[in-house]
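Q: This structure is in structure tokens; I'll ask about it shortly.
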Amino acid sequence: MKNIAIILASGKGERTGLNKPKQFIKIAGKTVLEHTLTTFEKNDNVDEIIVVSHINYISYIQDMVIKNNYKKISKILAGGSTRQESSYIGINSITAPQAKVLIHDAVRPFVSNDIIDNCLQKLDEYKAVDVAIDSADTLITIDNNNIIKSILKRDFIKRGQTPQAFDLAVIKKAHELANKDHNVDVTDDCGLVLKYNLCDIYVIKGDDFNHKITYPIDIAIADKLFQLRNIYTISQDKKRLKNKVIVVFGASKGIGQAIVELSKRYQAKVYGFSRSSGTDVCNYKEIKSALEHVAKLEGKIDIIINTAGVLRMGQLNTRELEDIYKEININYVGCVNIARLAYDYLQASKGSLIFFTSSSYTRGRALYSIYSSTKAALVNLSQALAEEWEKDSIRVNIINPERTATPMRLKNFGVEPKESLLSPQVVADTTLDTALSDYTGQIIDIKISQRNS
């Protein structure tokens, strides 16, 4: 039995007030539809994807499939004038006698693999599955004069999301009945199943991040969510590191040193540079010389990683200007230098560039205003470069480890309980997984609870 996802992308996006449907708006370097399709494409349990599109955008989606090398998209269909019609077009195109069907709004690009997997798993017990979250707001009913008639008890009220999942026979029958019925007033596919009382509909827990883009404000929210959304890498076969040429800046200690040591273990050709060895990331000429040296010896560079950084505490108005500029130069300008010089080498090798941020990038921290602001700048730099260089097959990602047992951490915060810190080796392992992955423009989260166990 196949697991088939139908992605509804035929909406006109009139409520956003823009000149194109919302599923084709670019956010975080890709269209909303691309973000959605990529999640289903990469999900191991989804076998096939059917896209139901606005007729004017079919060729655009065909180009999108080629550009992203999507393998699972089997059909791109012209949708109808309503969501119900588009959903039926997708369902009716399935020729298999049996299937599990996921129906998902293209404008929910934050859907998680957990939600998809849970939907499919519950179809082993039920014929229909919905996704919903609790309502944080008080829900009321009103009359025609905007007078409250009742306040609903929230215990049994949920806010529906997608995907919705169905046994193919059930959802096909629901739509066939609806096509003969002139009194249909439902907003989704579960509504049809419920209207005709075809089976029980099980509800699984959704996610507040599974946000739907509907109104102009949703675009701004989605843009921020993409910036803040952290992902975890899938473990890669590190035997693939053999003979890869890797350059690590900030390699003399801490995470950089751990990356060098782990790369050597997998027989990569790794070169480490640091201020102590005569290469300062603030010095453009020294970086240029280091990269030229490696390229001359090896003929290529596959991966460039910068772990160099400093952390200084103090109120902005009391710190010395020289100290402030030094922190900015090491933490931010150094990465700009490396990125600019890395481009030609990574374009030739279709390689990977990796920087490091910290959890403080999401909000400025008192006494660490320069550190937290440079880390926020690095996130924006990395995501912008990922979009600029996507056409050149250069992958740019940023690692966001929790507290890590490095000399810099010890110097600034003293001795802390070992179990409260990540080890540099764990961070190095995830960094190399990221370098080998096909991710780009991502913030890779490394949490103590998930990595030290």
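Ordering of the structure tokens sets the chain letters (A, B, ...); residue numbers start at 1 within each chain; ligands are numbered from 1 in the order shown.
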Mind checking DSSP for range 117-222 of chain A and telling me the alpha helix (DSSP H) residues as a ChimeraX atom specification?
A: /A:117-122,168-180,189-195,216-222
Q: Extract the full set of strand (DSSP E or B) residues from range 115-303 of chain A according to DSSP on the backbone, and format it as an MDAnalysis selection string.
A: chainID A and resid 128:134 140:142 148:151 158:167 201:205 230:231 245:249 269:273 303
Q: Can you tell me, as a PyMOL selection string, what residues are no more than 12 Å from range 175-180 of chain A when counting only C-alpha atoms, ignoring any on the same chain fewer than 6 positions away?
A: chain A and resi 83-92+168-169+186+188-198
Q: Just checking: using only C-alpha atoms, which residue out of A:Asn400, A:Thr36, A:Leu123, A:Ile217 ends up closest to Thr233 in chain A?
A: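 Looking only at the distances to Thr233 in chain A, the closest residue turns out to be A:Asn400.
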Q: I'd like the contact shell of Tyr368 in chain A - 9 Å cut-off, only C-alpha atoms, skipping same-chain residues fewer than 6 positions apart - returned as a ChimeraX atom specification.
A: /A:311-316,360
Q: With N, CA and C atoms retained, export the selected residues as a PDB file, in the first residue's frame.
A:
ATOM      1  N   LEU A 311      34.193  35.902  23.129  1.00  0.00           N
ATOM      2  CA  LEU A 311      33.066  36.326  23.953  1.00  0.00           C
ATOM      3  C   LEU A 311      33.583  37.294  25.008  1.00  0.00           C
ATOM      4  N   ARG A 312      33.041  38.506  24.995  1.00  0.00           N
ATOM      5  CA  ARG A 312      33.437  39.504  25.974  1.00  0.00           C
ATOM      6  C   ARG A 312      32.196  39.994  26.724  1.00  0.00           C
ATOM      7  N   MET A 313      32.340  40.192  28.029  1.00  0.00           N
ATOM      8  CA  MET A 313      31.234  40.671  28.848  1.00  0.00           C
ATOM      9  C   MET A 313      31.453  42.141  29.194  1.00  0.00           C
ATOM     10  N   GLY A 314      30.344  42.895  29.265  1.00  0.00           N
ATOM     11  CA  GLY A 314      30.451  44.280  29.696  1.00  0.00           C
ATOM     12  C   GLY A 314      29.389  45.159  29.089  1.00  0.00           C
ATOM     13  N   GLN A 315      29.028  46.228  29.788  1.00  0.00           N
ATOM     14  CA  GLN A 315      28.087  47.201  29.236  1.00  0.00           C
ATOM     15  C   GLN A 315      28.754  47.965  28.099  1.00  0.00           C
ATOM     16  N   LEU A 316      27.981  48.216  27.063  1.00  0.00           N
ATOM     17  CA  LEU A 316      28.534  48.857  25.866  1.00  0.00           C
ATOM     18  C   LEU A 316      29.193  50.190  26.203  1.00  0.00           C
ATOM     19  N   SER A 360      22.139  32.864  21.740  1.00  0.00           N
ATOM     20  CA  SER A 360      21.893  34.285  22.011  1.00  0.00           C
ATOM     21  C   SER A 360      21.538  35.064  20.754  1.00  0.00           C
TER      22      SER A 360
END
Q: How many Å separate CA of Gly160 in chain A from CA of Ile115 in chain A?
A: 13.0 Å
Q: Counting only C-alpha atoms, which of A:Asp137, A:Glu402, A:Asp237, A:Asp433 gets nearest to Lys447 in chain A?
A: A:Glu402
Q: Skipping near chain neighbours, those fewer than 4 positions away, what residues fall within 8 Å of Ser135 in chain A using only C-alpha atoms, listed as a CSV table (one decimal) with N, CA and C atoms, in the first residue's frame?
A:
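Result went into part-v3.csv, see below:
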chain,number,residue,atom,x,y,z
A,154,ARG,N,-13.5,25.4,26.1
A,154,ARG,CA,-12.3,25.1,25.3
A,154,ARG,C,-11.8,23.7,25.5
A,157,ILE,N,-12.6,22.0,22.2
A,157,ILE,CA,-12.5,22.8,21.0
A,157,ILE,C,-11.0,22.8,20.6
A,158,LYS,N,-10.8,22.5,19.3
A,158,LYS,CA,-9.4,22.4,18.8
A,158,LYS,C,-9.4,23.3,17.5
A,159,ARG,N,-8.2,23.7,17.1
A,159,ARG,CA,-7.9,24.4,15.9
A,159,ARG,C,-7.3,23.4,14.9
Q: Residues near range 292-309 of chain A, anyone? I mean within 8 Å using only C-alpha atoms, not counting same-chain ones fewer than 5 positions away, as number ranges by chain.
A: A: 244-251, 255-256, 271, 274, 281, 327, 330-331, 335, 338, 342, 345-346, 348-356, 435
Q: So that I have them on file, write out the residues from the current selection with C-alpha atoms, as a PDB file, in the first residue's frame.
A:
ATOM      1  CA  LYS A 244      37.772  15.349   1.197  1.00  0.00           C
ATOM      2  CA  VAL A 245      39.842  18.504   1.541  1.00  0.00           C
ATOM      3  CA  ILE A 246      38.705  20.382   4.645  1.00  0.00           C
ATOM      4  CA  VAL A 247      39.891  23.762   5.927  1.00  0.00           C
ATOM      5  CA  VAL A 248      39.139  24.697   9.532  1.00  0.00           C
ATOM      6  CA  PHE A 249      39.685  28.183  10.936  1.00  0.00           C
ATOM      7  CA  GLY A 250      39.939  28.498  14.719  1.00  0.00           C
ATOM      8  CA  ALA A 251      41.498  25.039  14.799  1.00  0.00           C
ATOM      9  CA  ILE A 255      35.395  22.765  18.673  1.00  0.00           C
ATOM     10  CA  GLY A 256      37.807  23.585  15.842  1.00  0.00           C
ATOM     11  CA  TYR A 271      44.147  21.742   7.323  1.00  0.00           C
ATOM     12  CA  SER A 274      44.332  29.804  13.832  1.00  0.00           C
ATOM     13  CA  VAL A 281      40.404  35.581  10.366  1.00  0.00           C
ATOM     14  CA  GLU A 327      35.025  41.303  18.951  1.00  0.00           C
ATOM     15  CA  ILE A 330      36.629  38.262  14.902  1.00  0.00           C
ATOM     16  CA  ASN A 331      33.005  37.155  15.230  1.00  0.00           C
ATOM     17  CA  CYS A 335      33.261  35.239   8.469  1.00  0.00           C
ATOM     18  CA  ILE A 338      36.242  33.751   4.723  1.00  0.00           C
ATOM     19  CA  ALA A 342      35.779  30.664  -0.148  1.00  0.00           C
ATOM     20  CA  TYR A 345      36.942  27.131  -4.310  1.00  0.00           C
ATOM     21  CA  LEU A 346      33.502  25.929  -3.202  1.00  0.00           C
ATOM     22  CA  ALA A 348      34.475  24.506  -8.231  1.00  0.00           C
ATOM     23  CA  SER A 349      33.937  21.637  -5.762  1.00  0.00           C
ATOM     24  CA  LYS A 350      30.195  22.213  -5.157  1.00  0.00           C
ATOM     25  CA  GLY A 351      31.249  22.342  -1.546  1.00  0.00           C
ATOM     26  CA  SER A 352      30.079  23.340   1.904  1.00  0.00           C
ATOM     27  CA  LEU A 353      30.646  26.424   4.074  1.00  0.00           C
ATOM     28  CA  ILE A 354      29.855  26.289   7.796  1.00  0.00           C
ATOM     29  CA  PHE A 355      29.769  29.018  10.430  1.00  0.00           C
ATOM     30  CA  PHE A 356      28.831  28.957  14.124  1.00  0.00           C
ATOM     31  CA  ALA A 435      28.996  19.308   5.795  1.00  0.00           C
TER      32      ALA A 435
END
Q: Find, counting only C-alpha atoms, the residue in A:Glu34, A:Lys2, A:Asn45, A:Ile76 that gets nearest to Ala96 in chain A.
A: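 Closest to Ala96 in chain A, using only C-alpha atoms: A:Lys2.
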